[in-house]
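Comments concern the structure below.
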Number of protein chains: 2
Amino acid sequence: MTEMMKAAIFVEPGKMAVEEVPKATLEQDDDIVIRVVRTCVCGSDLWFFRGLSGQAAHSQVGHESIGVVEEVGAAVESVKPGDFVVVPFPYSCGKCPVCKAGFESVCPHGGYFSACQAEYLRVPEADGTVVKVLGSPEDYSDEQLASLLTISDVMSTGYHAAASAEVKPGDTAVVMGDGAVGLCGVIAAKMRGATRIIAMSRHEDRAALAREFGATDIVPERDQAAIDKVLGMTDGYGADAVLECVGSKQSFDTAIGLIRRGGVIGRVGLPHDVEISAEGTFYGNIGIKGGPAPVRHYDLDEGLLDAVLKGEINPGRVFTAEYDLDHIQDAYEAMDQRKVIKALIGF
Amino acid sequence: MTEMMKAAIFVEPGKMAVEEVPKATLEQDDDIVIRVVRTCVCGSDLWFFRGLSGQAAHSQVGHESIGVVEEVGAAVESVKPGDFVVVPFPYSCGKCPVCKAGFESVCPHGGYFSACQAEYLRVPEADGTVVKVLGSPEDYSDEQLASLLTISDVMSTGYHAAASAEVKPGDTAVVMGDGAVGLCGVIAAKMRGATRIIAMSRHEDRAALAREFGATDIVPERDQAAIDKVLGMTDGYGADAVLECVGSKQSFDTAIGLIRRGGVIGRVGLPHDVEISAEGTFYGNIGIKGGPAPVRHYDLDEGLLDAVLKGEINPGRVFTAEYDLDHIQDAYEAMDQRKVIKALIGF
């Protein structure tokens with residue numbers, strides 16, 4: 001008899017459901033199965049919820065999770081049942097030149113999770129994917145668990161924006177986007193030593209959190225007005241680094257308009273119909289770097305896990321509401337309507 | 001009575017002349033005037049020679065030179081008459097945030113030279129622009145003078161491609177373009193520790209020089225065949241870094257096709273009608289950096305001047321023919337017809 005589990009199901013644009021589906025099981029020797037302890041709804045989930053990107057009807061969704069190892073495949077060496085792990089949104093082999101270069105998120109042998117909003121999750125290529133956390137979830141506060149959940153995606157993605165933008169001590173950094181990723185980008189810019197952090201936000205709650213995270217200035221303007229504002233704040237030279245956490249053409253054009261010549265735009269917003277003029281950026285020596293965040297690399301090699309465990313950063317503050325899985329529709333709607341910054345799903 | 005000098009003049013596409021024009025003189029307090037000792041024809045000069053880019057008829061041209069200081073303006077502090085200097089193709093203030101960040105080539109207070117193919121040259125913002133060389137031209141061999149001339153542009157530009165591509169020890173680097181800049185890019189990739197350097201070339205003379213400079217492999221294929229070749233040489237993963245020294249859409253597309261995920265394309269080829277799909281590069285985490293090379297930064301801060309003076313690099317080998325100013329038409333024609341890699345103009 002097939003064991004079952006509860007899982008969030010995308011029914012159709014605007015409509016989520018919770019259904020009983022076959023429980024996640026081991027399929028390959030390098031798989032593990034985890035019991036999900038926390039998952040959440042991502043801003044990028046809103047693309048399918050709003051009907052703006054393709055997603056099969058009646059499919060499982062979700063790509064962020066932390067959990068406890070239930071079962072391990074025969075080839076798995078790094079974790080055992082009972083271990084507590086962060087599951088980065090990309091899975092990766094951990095061994096190829098792309099992974100070794102610190103880009104596990106684009107490992108050609110890997111992929112992206114799409115079934116994390118559920119009670120159990122199969123994790124392929126476990127040894128190259130998961131980030132082990134000492135102890136068990138019970139050893140951590142709700143706040144710590146929330147922050148650990150962010151290093152499965154949004155905190156690591158914000159860090160990728162800052163690292164790609166080459167933020168360094170003393171820099172003036174601009175953060176485009178005041179969603180969870182942008183807010184985590186503020187944390188990351190501060191971690192990397194930026195002394196002036198300009199957050200682009202026109203929402204009071206988000207601006208307040210940006211300030212708490214280290215933003216020194218809030219700019220609510222957009223387009224040319226935003227460019228003029230930042231140029232005015234930097235003696236006309238522009239910002240040393242820009243964290244582009246939106247992905248729209250509008251955001252990109254603004255980023256190019258307000259960055260200092262020679263600066264790098266670190267981009268993590270999923271681009272939608274954006275073409276970059278090679279000439280426009282060339283004559284300003286403007287660099288563009290980024291993509292899906294190599295979560296594991298930043299969590300382990302750049303110290304995000306340690307920073308969370310030591311309480312040096314508290315990115316879990318981006319979760320402004322918590323739901324149980326049965327109320328997944330409410331969680332999506334609250335995100336869609338911008339009533340919450342990011343919705344946590346507890347079990 | 002106005003003093004006169006000989007200068008190369010662009011008459012019309014395909015036609016250069018040497019004419020007597022008023023001798024370069026001091027105009028501002030921070031100017032110097034140099035007596036040009038060596039200049040040369042650049043691949044980018046062929047754009048106007050071929051009628052492919054705008055250039056005023058009967059105008060002076062040329063942006064590469066080394067020379068001896070003749071006169072200094074009242075505010076100049078760093079050089080005096082008789083000093084030997086390399087003149088980077090961009091002039092720059094040397095003091096603003098853009099210059100301090102190492103991007104003198106895009107200093108908002110600066111510009112680009114366009115009258116170096118002449119007996120004398122006015123250098124604005126001299127203190128922020130020139131690279132002083134010990135002694136005088138007579139202290140150096142013709143080979144050394146040729147190499148010093150390359151660090152006014154092509155060697156520094158090749159280095160900018162490698163630095164922008166973030167070439168590091170152990171890398172496999174691909175160099176697109178076998179002109180003087182691409183060949184200097186090979187030198188730069190080697191200086192930065194690349195252990196495999198793949199030069200894209202289908203010209204025997206250039207391929208031979210690429211090998212002399214450190215290329216380990218020559219790939220004559222283009223487009224998909226070139227991509228397939230490089231992927232085959234790298235277990236399917238692609239090259240760690242690409243130096244894009246052409247600027248065409250064809251070259252760019254090939255670069256994107258053969259770079260390893262997470263790699264950076266360092267671009268110094270002047271882009272002509274190139275649009276970059278933000279999506280295509282995003283999902284591979286492919287970075288794009290570069291633009292006009294901050295010559296002075298590389299010459300002084302990254303050691304190009306020292307490397308030339310110590311004979312560690314010999315980029316002057318890109319000059320395969322020498323002309324005097326009176327034969328400027330021959331120099332352009334030889335470049336245009338690819339009879340020479342780069343044409344030196346001596347005095």
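Here's how to read the names in the structure tokens: chain A, B, ... by the order shown, residue numbers from 1 in each chain, ligand numbers from 1 in the order shown.
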Chain B near chain A within 8 Å: what's each residue's closest atom pair and its distance in Å to one decimal, counting only C-alpha atoms, ordered by chain then ascending residue number, as a tab-separated table?
residue	atom	partner	partner_atom	distance
B:Pro97	CA	A:Tyr237	CA	7.3
B:Val98	CA	A:Arg261	CA	6.3
B:Ala101	CA	A:Gly262	CA	7.5
B:Gly102	CA	A:Gly262	CA	8.0
B:Phe103	CA	A:Gly262	CA	5.8
B:Val106	CA	A:Gly284	CA	6.1
B:Cys107	CA	A:Arg261	CA	7.8
B:Tyr237	CA	A:Pro97	CA	7.2
B:Arg260	CA	A:Val98	CA	7.1
B:Arg261	CA	A:Val98	CA	6.3
B:Gly262	CA	A:Phe103	CA	5.8
B:Val264	CA	A:Lys289	CA	7.8
B:Leu270	CA	A:Phe282	CA	7.7
B:Pro271	CA	A:Glu279	CA	5.7
B:His272	CA	A:Glu279	CA	7.2
B:Asp273	CA	A:Glu279	CA	7.5
B:Val274	CA	A:Ala278	CA	5.4
B:Glu275	CA	A:Ser277	CA	4.9
B:Ile276	CA	A:Ile276	CA	5.0
B:Ser277	CA	A:Glu275	CA	4.9
B:Ala278	CA	A:Val274	CA	5.4
B:Glu279	CA	A:Pro271	CA	5.6
B:Thr281	CA	A:Gly291	CA	7.8
B:Phe282	CA	A:Gly291	CA	4.5
B:Tyr283	CA	A:Gly291	CA	5.8
B:Gly284	CA	A:Val106	CA	6.1
B:Asn285	CA	A:Gly291	CA	4.4
B:Ile286	CA	A:Lys289	CA	6.5
B:Gly287	CA	A:Lys289	CA	4.1
B:Ile288	CA	A:Ile288	CA	5.2
B:Lys289	CA	A:Gly287	CA	4.1
B:Gly290	CA	A:Asn285	CA	5.2
B:Gly291	CA	A:Asn285	CA	4.4
B:Pro292	CA	A:Tyr283	CA	6.6
For the residues in the current selection, export N, CA, C and O atoms as a compact mmCIF listing (two decimals), in the first residue's frame.
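selection_11.txt written:
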# COMPACT_ATOMS: atom_id res chain seq x y z
N PRO B 97 36.29 59.41 -8.29
CA PRO B 97 35.98 58.03 -7.86
C PRO B 97 36.13 57.00 -8.97
O PRO B 97 36.49 55.86 -8.69
N VAL B 98 35.86 57.40 -10.20
CA VAL B 98 35.99 56.44 -11.30
C VAL B 98 37.46 56.10 -11.51
O VAL B 98 37.83 54.92 -11.63
N ALA B 101 38.81 54.02 -8.66
CA ALA B 101 38.37 52.63 -8.72
C ALA B 101 39.15 51.85 -9.78
O ALA B 101 38.93 50.66 -9.96
N GLY B 102 40.06 52.55 -10.49
CA GLY B 102 40.88 51.86 -11.49
C GLY B 102 40.26 51.86 -12.88
O GLY B 102 40.60 51.03 -13.71
N PHE B 103 39.38 52.81 -13.15
CA PHE B 103 38.72 52.87 -14.46
C PHE B 103 38.96 54.21 -15.14
O PHE B 103 38.03 54.88 -15.59
N VAL B 106 37.29 55.49 -18.42
CA VAL B 106 35.93 56.02 -18.51
C VAL B 106 35.73 57.17 -17.52
O VAL B 106 34.62 57.44 -17.08
N CYS B 107 36.84 57.83 -17.21
CA CYS B 107 36.78 59.01 -16.34
C CYS B 107 35.83 60.03 -16.96
O CYS B 107 36.00 60.41 -18.13
N TYR B 237 32.35 20.99 -20.53
CA TYR B 237 31.99 22.04 -19.56
C TYR B 237 32.21 23.46 -20.08
O TYR B 237 31.59 24.40 -19.60
N ARG B 260 32.24 28.21 -19.74
CA ARG B 260 31.72 27.39 -18.66
C ARG B 260 30.66 28.17 -17.91
O ARG B 260 30.77 29.37 -17.73
N ARG B 261 29.63 27.46 -17.43
CA ARG B 261 28.64 28.12 -16.58
C ARG B 261 29.34 28.75 -15.39
O ARG B 261 30.22 28.12 -14.78
N GLY B 262 28.96 29.95 -15.08
CA GLY B 262 29.61 30.66 -13.98
C GLY B 262 30.84 31.44 -14.42
O GLY B 262 31.42 32.16 -13.62
N VAL B 264 33.13 34.23 -16.80
CA VAL B 264 32.94 35.63 -17.17
C VAL B 264 33.57 35.88 -18.55
O VAL B 264 34.69 35.45 -18.81
N LEU B 270 35.21 46.55 -29.58
CA LEU B 270 34.16 47.57 -29.68
C LEU B 270 32.91 46.90 -30.24
O LEU B 270 32.92 46.38 -31.34
N PRO B 271 31.82 46.91 -29.46
CA PRO B 271 30.63 46.19 -29.93
C PRO B 271 29.91 46.95 -31.03
O PRO B 271 29.78 48.17 -30.97
N HIS B 272 29.50 46.24 -32.04
CA HIS B 272 28.75 46.84 -33.15
C HIS B 272 27.44 46.10 -33.28
O HIS B 272 27.41 44.95 -33.69
N ASP B 273 26.33 46.75 -32.88
CA ASP B 273 25.00 46.17 -33.00
C ASP B 273 24.87 44.83 -32.30
O ASP B 273 24.34 43.87 -32.85
N VAL B 274 25.39 44.75 -31.08
CA VAL B 274 25.27 43.51 -30.32
C VAL B 274 24.25 43.73 -29.20
O VAL B 274 24.35 44.67 -28.43
N GLU B 275 23.23 42.87 -29.20
CA GLU B 275 22.28 42.86 -28.08
C GLU B 275 22.52 41.56 -27.34
O GLU B 275 22.70 40.50 -27.94
N ILE B 276 22.55 41.65 -26.03
CA ILE B 276 22.78 40.46 -25.22
C ILE B 276 21.46 40.07 -24.58
O ILE B 276 20.81 40.89 -23.94
N SER B 277 21.06 38.83 -24.76
CA SER B 277 19.83 38.37 -24.11
C SER B 277 20.10 38.19 -22.63
O SER B 277 20.97 37.42 -22.23
N ALA B 278 19.37 38.93 -21.82
CA ALA B 278 19.58 38.83 -20.37
C ALA B 278 19.24 37.44 -19.87
O ALA B 278 19.83 36.94 -18.92
N GLU B 279 18.27 36.80 -20.53
CA GLU B 279 17.87 35.47 -20.10
C GLU B 279 18.96 34.43 -20.41
O GLU B 279 19.29 33.59 -19.59
N THR B 281 22.14 34.58 -20.73
CA THR B 281 23.31 34.59 -19.86
C THR B 281 22.93 34.33 -18.41
O THR B 281 23.72 33.75 -17.66
N PHE B 282 21.72 34.71 -18.01
CA PHE B 282 21.30 34.54 -16.61
C PHE B 282 21.32 33.08 -16.18
O PHE B 282 21.90 32.74 -15.15
N TYR B 283 20.71 32.23 -16.97
CA TYR B 283 20.56 30.84 -16.54
C TYR B 283 21.86 30.05 -16.59
O TYR B 283 21.92 28.93 -16.12
N GLY B 284 22.89 30.64 -17.14
CA GLY B 284 24.22 30.03 -17.07
C GLY B 284 25.11 30.75 -16.08
O GLY B 284 26.27 30.41 -15.93
N ASN B 285 24.56 31.77 -15.41
CA ASN B 285 25.38 32.56 -14.49
C ASN B 285 26.61 33.11 -15.20
O ASN B 285 27.73 33.15 -14.64
N ILE B 286 26.42 33.52 -16.44
CA ILE B 286 27.54 34.01 -17.24
C ILE B 286 27.67 35.52 -17.04
O ILE B 286 26.71 36.26 -17.22
N GLY B 287 28.84 35.94 -16.65
CA GLY B 287 29.10 37.35 -16.44
C GLY B 287 29.68 38.00 -17.69
O GLY B 287 30.28 37.33 -18.53
N ILE B 288 29.46 39.30 -17.80
CA ILE B 288 30.00 40.07 -18.92
C ILE B 288 30.59 41.34 -18.33
O ILE B 288 29.91 42.11 -17.66
N LYS B 289 31.87 41.51 -18.53
CA LYS B 289 32.54 42.70 -18.02
C LYS B 289 33.48 43.24 -19.09
O LYS B 289 33.92 42.51 -19.97
N GLY B 290 33.80 44.52 -18.97
CA GLY B 290 34.80 45.07 -19.88
C GLY B 290 34.34 46.36 -20.52
O GLY B 290 33.27 46.89 -20.21
N GLY B 291 35.16 46.85 -21.40
CA GLY B 291 34.95 48.13 -22.05
C GLY B 291 36.32 48.69 -22.43
O GLY B 291 37.28 47.94 -22.57
N PRO B 292 36.39 50.00 -22.58
CA PRO B 292 37.70 50.60 -22.90
C PRO B 292 38.67 50.34 -21.74
O PRO B 292 38.33 50.49 -20.57
Where in range 200-237 of chain B does DSSP assign strand (DSSP E), given as an MDAnalysis selection string? chainID B and resid 200 217:219
Convert the current residue selection to file output with all heavy atoms, as a PDB file, in the first residue's frame.
ATOM      1  N   MET B 200      41.676  31.517 -30.870  1.00  0.00           N
ATOM      2  CA  MET B 200      40.866  31.313 -32.072  1.00  0.00           C
ATOM      3  C   MET B 200      41.553  32.043 -33.203  1.00  0.00           C
ATOM      4  O   MET B 200      41.554  33.281 -33.221  1.00  0.00           O
ATOM      5  CB  MET B 200      39.474  31.897 -31.865  1.00  0.00           C
ATOM      6  CG  MET B 200      38.774  31.434 -30.611  1.00  0.00           C
ATOM      7  SD  MET B 200      38.456  29.659 -30.609  1.00  0.00           S
ATOM      8  CE  MET B 200      36.674  29.664 -30.591  1.00  0.00           C
ATOM      9  N   ASP B 217      46.756  25.983 -27.568  1.00  0.00           N
ATOM     10  CA  ASP B 217      45.930  25.384 -28.612  1.00  0.00           C
ATOM     11  C   ASP B 217      45.450  26.477 -29.569  1.00  0.00           C
ATOM     12  O   ASP B 217      45.198  27.603 -29.147  1.00  0.00           O
ATOM     13  CB  ASP B 217      44.691  24.716 -27.997  1.00  0.00           C
ATOM     14  CG  ASP B 217      45.040  23.637 -26.983  1.00  0.00           C
ATOM     15  OD1 ASP B 217      45.237  23.972 -25.799  1.00  0.00           O
ATOM     16  OD2 ASP B 217      45.140  22.477 -27.392  1.00  0.00           O
ATOM     17  N   ILE B 218      45.327  26.104 -30.821  1.00  0.00           N
ATOM     18  CA  ILE B 218      44.791  27.023 -31.827  1.00  0.00           C
ATOM     19  C   ILE B 218      43.512  26.406 -32.383  1.00  0.00           C
ATOM     20  O   ILE B 218      43.499  25.226 -32.757  1.00  0.00           O
ATOM     21  CB  ILE B 218      45.793  27.223 -32.995  1.00  0.00           C
ATOM     22  CG1 ILE B 218      47.151  27.714 -32.481  1.00  0.00           C
ATOM     23  CG2 ILE B 218      45.201  28.169 -34.052  1.00  0.00           C
ATOM     24  CD1 ILE B 218      47.171  29.099 -31.888  1.00  0.00           C
ATOM     25  N   VAL B 219      42.447  27.177 -32.397  1.00  0.00           N
ATOM     26  CA  VAL B 219      41.182  26.696 -32.964  1.00  0.00           C
ATOM     27  C   VAL B 219      40.818  27.588 -34.146  1.00  0.00           C
ATOM     28  O   VAL B 219      40.507  28.770 -33.967  1.00  0.00           O
ATOM     29  CB  VAL B 219      40.055  26.724 -31.899  1.00  0.00           C
ATOM     30  CG1 VAL B 219      38.689  26.487 -32.545  1.00  0.00           C
ATOM     31  CG2 VAL B 219      40.318  25.674 -30.824  1.00  0.00           C
TER      32      VAL B 219
END
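The spacing separating CA of Gln60 in chain A from CA of Val85 in chain A amounts to 21.2 Å.
Candidate residues A:Thr172, A:Ser65, A:Ser114, A:Gln55 were compared for distance to Asp153 in chain A, and the nearest is A:Ser65, using only C-alpha atoms.
CA of Leu148 in chain A lies 10.7 Å from CA of Gly311 in chain A.
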Find the residues around His203 in chain B up to 12 Å (only C-alpha atoms counted), leave out those fewer than 4 positions away in its own chain, and share them as a ChimeraX atom specification. /B:177-179,199,207-210,218-221,338-341
May I have the residues from that selection written out with N, CA and C atoms, as a PDB file, in the first residue's frame?
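So again16.pdb came out as:
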ATOM      1  N   GLY B 177      39.600  36.363 -31.313  1.00  0.00           N
ATOM      2  CA  GLY B 177      40.214  37.473 -32.022  1.00  0.00           C
ATOM      3  C   GLY B 177      41.714  37.299 -32.055  1.00  0.00           C
ATOM      4  N   ASP B 178      42.301  37.352 -33.260  1.00  0.00           N
ATOM      5  CA  ASP B 178      43.740  37.168 -33.370  1.00  0.00           C
ATOM      6  C   ASP B 178      44.420  38.426 -33.894  1.00  0.00           C
ATOM      7  N   GLY B 179      43.774  39.567 -33.673  1.00  0.00           N
ATOM      8  CA  GLY B 179      44.439  40.843 -33.938  1.00  0.00           C
ATOM      9  C   GLY B 179      45.432  41.117 -32.816  1.00  0.00           C
ATOM     10  N   ALA B 199      43.624  29.885 -28.487  1.00  0.00           N
ATOM     11  CA  ALA B 199      43.515  31.072 -29.342  1.00  0.00           C
ATOM     12  C   ALA B 199      42.706  30.717 -30.581  1.00  0.00           C
ATOM     13  N   ALA B 207      48.580  32.812 -35.605  1.00  0.00           N
ATOM     14  CA  ALA B 207      48.569  31.607 -34.763  1.00  0.00           C
ATOM     15  C   ALA B 207      49.979  31.317 -34.241  1.00  0.00           C
ATOM     16  N   ALA B 208      50.970  31.541 -35.102  1.00  0.00           N
ATOM     17  CA  ALA B 208      52.359  31.294 -34.684  1.00  0.00           C
ATOM     18  C   ALA B 208      52.746  32.248 -33.554  1.00  0.00           C
ATOM     19  N   LEU B 209      52.348  33.497 -33.693  1.00  0.00           N
ATOM     20  CA  LEU B 209      52.675  34.470 -32.648  1.00  0.00           C
ATOM     21  C   LEU B 209      51.881  34.160 -31.355  1.00  0.00           C
ATOM     22  N   ALA B 210      50.648  33.716 -31.527  1.00  0.00           N
ATOM     23  CA  ALA B 210      49.859  33.324 -30.356  1.00  0.00           C
ATOM     24  C   ALA B 210      50.575  32.203 -29.601  1.00  0.00           C
ATOM     25  N   ILE B 218      45.327  26.104 -30.821  1.00  0.00           N
ATOM     26  CA  ILE B 218      44.791  27.023 -31.827  1.00  0.00           C
ATOM     27  C   ILE B 218      43.512  26.406 -32.383  1.00  0.00           C
ATOM     28  N   VAL B 219      42.447  27.177 -32.397  1.00  0.00           N
ATOM     29  CA  VAL B 219      41.182  26.696 -32.964  1.00  0.00           C
ATOM     30  C   VAL B 219      40.818  27.588 -34.146  1.00  0.00           C
ATOM     31  N   PRO B 220      40.873  27.035 -35.374  1.00  0.00           N
ATOM     32  CA  PRO B 220      40.532  27.857 -36.546  1.00  0.00           C
ATOM     33  C   PRO B 220      39.036  27.879 -36.848  1.00  0.00           C
ATOM     34  N   GLU B 221      38.276  26.992 -36.225  1.00  0.00           N
ATOM     35  CA  GLU B 221      36.831  26.928 -36.518  1.00  0.00           C
ATOM     36  C   GLU B 221      36.114  28.185 -36.046  1.00  0.00           C
ATOM     37  N   ARG B 338      45.381  42.954 -44.118  1.00  0.00           N
ATOM     38  CA  ARG B 338      45.883  41.924 -43.203  1.00  0.00           C
ATOM     39  C   ARG B 338      47.264  41.395 -43.612  1.00  0.00           C
ATOM     40  N   LYS B 339      48.032  42.251 -44.284  1.00  0.00           N
ATOM     41  CA  LYS B 339      49.397  41.853 -44.628  1.00  0.00           C
ATOM     42  C   LYS B 339      50.296  41.936 -43.411  1.00  0.00           C
ATOM     43  N   VAL B 340      49.939  42.786 -42.479  1.00  0.00           N
ATOM     44  CA  VAL B 340      50.706  42.914 -41.241  1.00  0.00           C
ATOM     45  C   VAL B 340      49.732  42.791 -40.079  1.00  0.00           C
ATOM     46  N   ILE B 341      50.254  42.364 -38.931  1.00  0.00           N
ATOM     47  CA  ILE B 341      49.376  42.270 -37.762  1.00  0.00           C
ATOM     48  C   ILE B 341      49.127  43.672 -37.218  1.00  0.00           C
TER      49      ILE B 341
END
Tell me which of A:Ala146, A:Arg206, A:Gly170, A:Gly158 sits closest to Phe319 in chain A, counting only C-alpha atoms. A:Ala146
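Of note, CA of Cys245 in chain B and CA of Gly43 in chain B are spaced 10.8 Å apart.
In this comparison, which uses only C-alpha atoms, the residue of B:Ser44, B:Ser136, B:Ser156, B:Glu302 approaching Val246 in chain B most closely is B:Ser44.
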Which one of A:Gly111, A:Gly214, A:Pro88, A:Gly316 sits closest to Met191 in chain A if you count only C-alpha atoms? A:Gly214
Could you pull out the residues in range 103-346 of chain B that DSSP calls alpha helix (DSSP H) from the backbone, as a ChimeraX atom specification? /B:142-150,154-164,180-191,204-213,223-233,249-258,278-282,295-296,304-309,328-336
Write a file of the just-selected residues containing C-alpha atoms, as an mmCIF file, in the first residue's frame.
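Okay, selection12.cif is ready:
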data_model
loop_
_atom_site.group_PDB
_atom_site.id
_atom_site.type_symbol
_atom_site.label_atom_id
_atom_site.label_comp_id
_atom_site.auth_asym_id
_atom_site.auth_seq_id
_atom_site.Cartn_x
_atom_site.Cartn_y
_atom_site.Cartn_z
ATOM 1 C CA ASP B 142 63.755 49.170 -30.784
ATOM 2 C CA GLU B 143 62.122 46.011 -29.424
ATOM 3 C CA GLN B 144 61.635 47.605 -26.017
ATOM 4 C CA LEU B 145 60.232 50.789 -27.525
ATOM 5 C CA ALA B 146 57.791 48.703 -29.537
ATOM 6 C CA SER B 147 56.658 46.896 -26.393
ATOM 7 C CA LEU B 148 56.354 50.189 -24.499
ATOM 8 C CA LEU B 149 54.144 51.464 -27.292
ATOM 9 C CA THR B 150 51.799 48.505 -26.834
ATOM 10 C CA VAL B 154 46.746 46.935 -27.198
ATOM 11 C CA MET B 155 48.692 45.178 -24.438
ATOM 12 C CA SER B 156 46.714 46.974 -21.763
ATOM 13 C CA THR B 157 43.516 46.234 -23.646
ATOM 14 C CA GLY B 158 44.376 42.567 -23.878
ATOM 15 C CA TYR B 159 45.080 42.652 -20.165
ATOM 16 C CA HIS B 160 41.712 44.282 -19.520
ATOM 17 C CA ALA B 161 40.065 41.405 -21.368
ATOM 18 C CA ALA B 162 41.848 38.899 -19.133
ATOM 19 C CA ALA B 163 41.255 40.826 -15.917
ATOM 20 C CA SER B 164 37.597 41.418 -16.786
ATOM 21 C CA ALA B 180 47.036 42.627 -31.841
ATOM 22 C CA VAL B 181 44.639 42.901 -28.899
ATOM 23 C CA GLY B 182 43.755 39.216 -28.960
ATOM 24 C CA LEU B 183 47.415 38.272 -29.192
ATOM 25 C CA CYS B 184 48.174 40.521 -26.232
ATOM 26 C CA GLY B 185 45.242 38.849 -24.501
ATOM 27 C CA VAL B 186 47.147 35.585 -24.805
ATOM 28 C CA ILE B 187 50.098 37.201 -23.014
ATOM 29 C CA ALA B 188 47.756 38.526 -20.340
ATOM 30 C CA ALA B 189 46.022 35.190 -19.787
ATOM 31 C CA LYS B 190 49.437 33.614 -19.301
ATOM 32 C CA MET B 191 50.550 36.376 -16.910
ATOM 33 C CA GLU B 204 49.153 31.124 -39.770
ATOM 34 C CA ASP B 205 51.256 34.145 -38.870
ATOM 35 C CA ARG B 206 48.968 35.157 -36.054
ATOM 36 C CA ALA B 207 48.569 31.607 -34.763
ATOM 37 C CA ALA B 208 52.359 31.294 -34.684
ATOM 38 C CA LEU B 209 52.675 34.470 -32.648
ATOM 39 C CA ALA B 210 49.859 33.324 -30.356
ATOM 40 C CA ARG B 211 51.830 30.151 -29.678
ATOM 41 C CA GLU B 212 54.966 32.186 -29.031
ATOM 42 C CA PHE B 213 52.983 34.278 -26.535
ATOM 43 C CA ASP B 223 30.484 29.555 -34.811
ATOM 44 C CA GLN B 224 28.993 26.221 -33.725
ATOM 45 C CA ALA B 225 32.055 24.313 -34.922
ATOM 46 C CA ALA B 226 34.240 26.429 -32.639
ATOM 47 C CA ILE B 227 31.845 25.927 -29.742
ATOM 48 C CA ASP B 228 31.833 22.168 -30.296
ATOM 49 C CA LYS B 229 35.620 22.110 -30.509
ATOM 50 C CA VAL B 230 36.144 23.929 -27.232
ATOM 51 C CA LEU B 231 33.446 21.925 -25.444
ATOM 52 C CA GLY B 232 35.200 18.803 -26.673
ATOM 53 C CA MET B 233 38.479 20.069 -25.256
ATOM 54 C CA LYS B 249 27.601 39.497 -32.662
ATOM 55 C CA GLN B 250 29.164 36.367 -34.135
ATOM 56 C CA SER B 251 32.034 36.503 -31.688
ATOM 57 C CA PHE B 252 29.750 37.228 -28.751
ATOM 58 C CA ASP B 253 27.411 34.377 -29.527
ATOM 59 C CA THR B 254 30.353 32.031 -29.851
ATOM 60 C CA ALA B 255 31.761 33.239 -26.528
ATOM 61 C CA ILE B 256 28.446 32.580 -24.790
ATOM 62 C CA GLY B 257 28.296 29.139 -26.375
ATOM 63 C CA LEU B 258 31.698 27.974 -25.238
ATOM 64 C CA ALA B 278 19.576 38.833 -20.372
ATOM 65 C CA GLU B 279 17.874 35.470 -20.097
ATOM 66 C CA GLY B 280 20.454 33.484 -22.046
ATOM 67 C CA THR B 281 23.310 34.595 -19.865
ATOM 68 C CA PHE B 282 21.298 34.544 -16.615
ATOM 69 C CA VAL B 295 45.566 51.528 -19.488
ATOM 70 C CA ARG B 296 47.250 53.512 -16.737
ATOM 71 C CA LEU B 304 52.621 45.884 -17.251
ATOM 72 C CA LEU B 305 55.303 48.568 -17.389
ATOM 73 C CA ASP B 306 57.590 46.545 -15.139
ATOM 74 C CA ALA B 307 56.956 43.353 -17.060
ATOM 75 C CA VAL B 308 57.948 45.085 -20.309
ATOM 76 C CA LEU B 309 61.045 46.703 -18.806
ATOM 77 C CA ILE B 328 51.022 56.293 -43.446
ATOM 78 C CA GLN B 329 48.844 55.238 -46.402
ATOM 79 C CA ASP B 330 50.952 52.117 -46.837
ATOM 80 C CA ALA B 331 50.636 51.362 -43.138
ATOM 81 C CA TYR B 332 46.848 51.577 -43.250
ATOM 82 C CA GLU B 333 46.618 49.536 -46.414
ATOM 83 C CA ALA B 334 48.842 46.814 -45.014
ATOM 84 C CA MET B 335 46.632 46.610 -41.928
ATOM 85 C CA ASP B 336 43.463 46.716 -43.995
#
Quick one: everything within 8 Å of Pro137 in chain A, counting only C-alpha atoms, minus sequence neighbours fewer than 4 positions away in the same chain. Send it as a list of chain:residue names. A:Val37, A:Gly67, A:Val68, A:Phe84, A:Leu145
